[in-house]
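Data block below; observations after.
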Amino acid sequence: MGLNDLVVKRIFFLKITFLPCSKKENPMALSTSIIVRLQTQHLDLRKILTDLSEEALHKKQDQSWSIYEHLIHLAVYQPRFIHRLNDIVQNQASVFSAYDTKQDPLFKEYHTLKVMDIWDRIQERREDLISIAESLTAEQLSKTGTHALYGSVSVGDWIDFFLLHEAHHMYRMLMLKLEHNPIAQQKQVKA
């Protein structure tokens, strides 16, 4: 088991900490930091995607995904995640299998889209996710869905997982972009 696997498993054992709030606010709502991350984290994708050549966008490092494939994954995973949240909140969820791009026809379909079309879909669905997250009650946040690998996970922890998962892919995209930087390539040649 690699370090990434340990980090992912560890987040499910952590509890979301809730910030103090006024009597008018829901005392068990998602923390302000989670709401702000839902509202803003994905916006940094635009910065990562800026000034990328087609070569840089599609370049793969070893057998891993390209920047384009990471972007597609984020775009198709978000509506799947929203669907899972709705299932849990509506008590329709039992066990979720691990998400597998090979089993998702949308992942293949999105390979025909331009980068900005993919970005638009991420942005549209993010608004849906924010709306859902902001409306969740304490009871809904404590409901759990069972993941085949991670076990029973609360809605609140699922949302935190979603953000950490997205951040991981954004980090990989940025690293791929930086590796394609001509200055970085010159240093690799000299080394």
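Just remember, in the structure tokens the first chain shown is A, the second B, etc., residues are 1-based per chain, and ligands are 1-based in the order shown.
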
Residue list (helix (DSSP H, G or I), DSSP) for region 73-134 of chain A, as a PyMOL selection string: chain A and resi 73-89+101-103+105-112+115-134

Neighbour list for Tyr171 (chain A) as a PyMOL selection string, cut-off 12 Å, only C-alpha atoms, skip fewer than 3 positions in-chain: chain A and resi 41-42+44-45+48+67+70-71+164-168+174-178

Keeping only N, CA and C atoms, write those residues as a PDB file, in the first residue's frame.
ATOM      1  N   GLN A  41     -12.123  26.064  -5.117  1.00  0.00           N
ATOM      2  CA  GLN A  41     -10.979  25.204  -5.442  1.00  0.00           C
ATOM      3  C   GLN A  41     -10.881  24.898  -6.929  1.00  0.00           C
ATOM      4  N   HIS A  42     -11.997  24.556  -7.549  1.00  0.00           N
ATOM      5  CA  HIS A  42     -11.993  24.173  -8.960  1.00  0.00           C
ATOM      6  C   HIS A  42     -11.599  25.322  -9.888  1.00  0.00           C
ATOM      7  N   ASP A  44      -9.081  27.119  -9.803  1.00  0.00           N
ATOM      8  CA  ASP A  44      -7.652  27.054 -10.125  1.00  0.00           C
ATOM      9  C   ASP A  44      -7.361  26.160 -11.327  1.00  0.00           C
ATOM     10  N   LEU A  45      -8.334  25.379 -11.746  1.00  0.00           N
ATOM     11  CA  LEU A  45      -8.147  24.597 -12.981  1.00  0.00           C
ATOM     12  C   LEU A  45      -7.880  25.515 -14.165  1.00  0.00           C
ATOM     13  N   ILE A  48      -4.277  26.370 -14.274  1.00  0.00           N
ATOM     14  CA  ILE A  48      -3.478  25.218 -14.711  1.00  0.00           C
ATOM     15  C   ILE A  48      -3.588  25.032 -16.223  1.00  0.00           C
ATOM     16  N   ILE A  67      -2.793  15.667 -18.612  1.00  0.00           N
ATOM     17  CA  ILE A  67      -3.569  16.756 -18.016  1.00  0.00           C
ATOM     18  C   ILE A  67      -5.007  16.681 -18.515  1.00  0.00           C
ATOM     19  N   HIS A  70      -6.910  13.888 -16.740  1.00  0.00           N
ATOM     20  CA  HIS A  70      -7.243  14.289 -15.365  1.00  0.00           C
ATOM     21  C   HIS A  70      -8.452  15.224 -15.381  1.00  0.00           C
ATOM     22  N   LEU A  71      -8.457  16.174 -16.306  1.00  0.00           N
ATOM     23  CA  LEU A  71      -9.570  17.115 -16.415  1.00  0.00           C
ATOM     24  C   LEU A  71     -10.874  16.379 -16.722  1.00  0.00           C
ATOM     25  N   LEU A 164     -10.645  16.681  -1.469  1.00  0.00           N
ATOM     26  CA  LEU A 164      -9.263  16.188  -1.422  1.00  0.00           C
ATOM     27  C   LEU A 164      -8.922  15.403  -2.693  1.00  0.00           C
ATOM     28  N   HIS A 165      -9.872  14.647  -3.180  1.00  0.00           N
ATOM     29  CA  HIS A 165      -9.690  13.896  -4.422  1.00  0.00           C
ATOM     30  C   HIS A 165      -9.460  14.852  -5.591  1.00  0.00           C
ATOM     31  N   GLU A 166     -10.281  15.896  -5.665  1.00  0.00           N
ATOM     32  CA  GLU A 166     -10.130  16.889  -6.720  1.00  0.00           C
ATOM     33  C   GLU A 166      -8.776  17.586  -6.608  1.00  0.00           C
ATOM     34  N   ALA A 167      -8.391  17.956  -5.390  1.00  0.00           N
ATOM     35  CA  ALA A 167      -7.104  18.630  -5.176  1.00  0.00           C
ATOM     36  C   ALA A 167      -5.942  17.738  -5.604  1.00  0.00           C
ATOM     37  N   HIS A 168      -6.049  16.453  -5.331  1.00  0.00           N
ATOM     38  CA  HIS A 168      -4.997  15.507  -5.752  1.00  0.00           C
ATOM     39  C   HIS A 168      -4.833  15.543  -7.273  1.00  0.00           C
ATOM     40  N   LEU A 174      -0.913  20.080 -12.331  1.00  0.00           N
ATOM     41  CA  LEU A 174       0.076  21.143 -12.216  1.00  0.00           C
ATOM     42  C   LEU A 174       1.486  20.582 -12.361  1.00  0.00           C
ATOM     43  N   MET A 175       1.762  19.442 -11.756  1.00  0.00           N
ATOM     44  CA  MET A 175       3.082  18.828 -11.879  1.00  0.00           C
ATOM     45  C   MET A 175       3.388  18.476 -13.334  1.00  0.00           C
ATOM     46  N   LEU A 176       2.394  17.963 -14.052  1.00  0.00           N
ATOM     47  CA  LEU A 176       2.590  17.652 -15.468  1.00  0.00           C
ATOM     48  C   LEU A 176       2.852  18.926 -16.271  1.00  0.00           C
ATOM     49  N   LYS A 177       2.128  19.995 -15.936  1.00  0.00           N
ATOM     50  CA  LYS A 177       2.343  21.269 -16.630  1.00  0.00           C
ATOM     51  C   LYS A 177       3.760  21.778 -16.369  1.00  0.00           C
ATOM     52  N   LEU A 178       4.186  21.724 -15.121  1.00  0.00           N
ATOM     53  CA  LEU A 178       5.523  22.209 -14.780  1.00  0.00           C
ATOM     54  C   LEU A 178       6.616  21.359 -15.421  1.00  0.00           C
TER      55      LEU A 178
END

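Atom pair CA of Val36 (chain A) / CA of Ile82 (chain A): separated by 17.6 Å.
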
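Around Arg37 (chain A), within 12 Å and counting only C-alpha atoms, the residues found are Leu30, Ser31, Thr32, His42, Leu43, Asp44, Arg126, Leu129, Ile130, Ala133, Ile159, Asp160, Phe161, Phe162, Leu163, Leu164, Glu166 and Ala167 of chain A, once anything fewer than 5 positions away on its own chain is removed.
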
Need the shell around Asp100 (chain A): protein/DNA/RNA residues with any atom at most 10 Å away, counting only C-alpha atoms. Skip same-chain ones fewer than 6 positions apart. Format as a tab-separated table (two decimals) with N, CA and C atoms, in the first residue's frame?
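What follows is the written file out_38.tsv:
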chain	number	residue	atom	x	y	z
A	73	HIS	N	-11.56	13.29	-16.05
A	73	HIS	CA	-11.94	12.53	-14.85
A	73	HIS	C	-12.68	13.43	-13.86
A	77	TYR	N	-16.50	12.69	-12.84
A	77	TYR	CA	-16.66	12.21	-11.47
A	77	TYR	C	-17.63	13.09	-10.68
A	107	PHE	N	-16.69	8.97	-19.54
A	107	PHE	CA	-15.26	9.24	-19.59
A	107	PHE	C	-14.77	9.15	-21.04

Proximity to Met173 (chain A) - best of A:Leu49, A:Val89, A:Met116, A:Ala98, only C-alpha atoms: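 Among A:Leu49, A:Val89, A:Met116, A:Ala98, it is A:Leu49 that comes nearest to Met173 (chain A).
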
Interatomic distance, CA of Met170 (chain A) to CA of Leu136 (chain A) (Å, one decimal):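 We find that CA of Met170 (chain A) and CA of Leu136 (chain A) lie 26.4 Å from each other.
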
Two-atom distance - CA of Ser142 (chain A), CA of Thr40 (chain A) (Å): 24.2 Å

Asn86 (chain A) environment, 10 Å, only C-alpha atoms, sequence neighbours closer than 5 positions dropped, as a list in words: Arg80, Phe81, Asn91, Gln92, Ala93, Ile132, Gln140 and Val155 of chain A
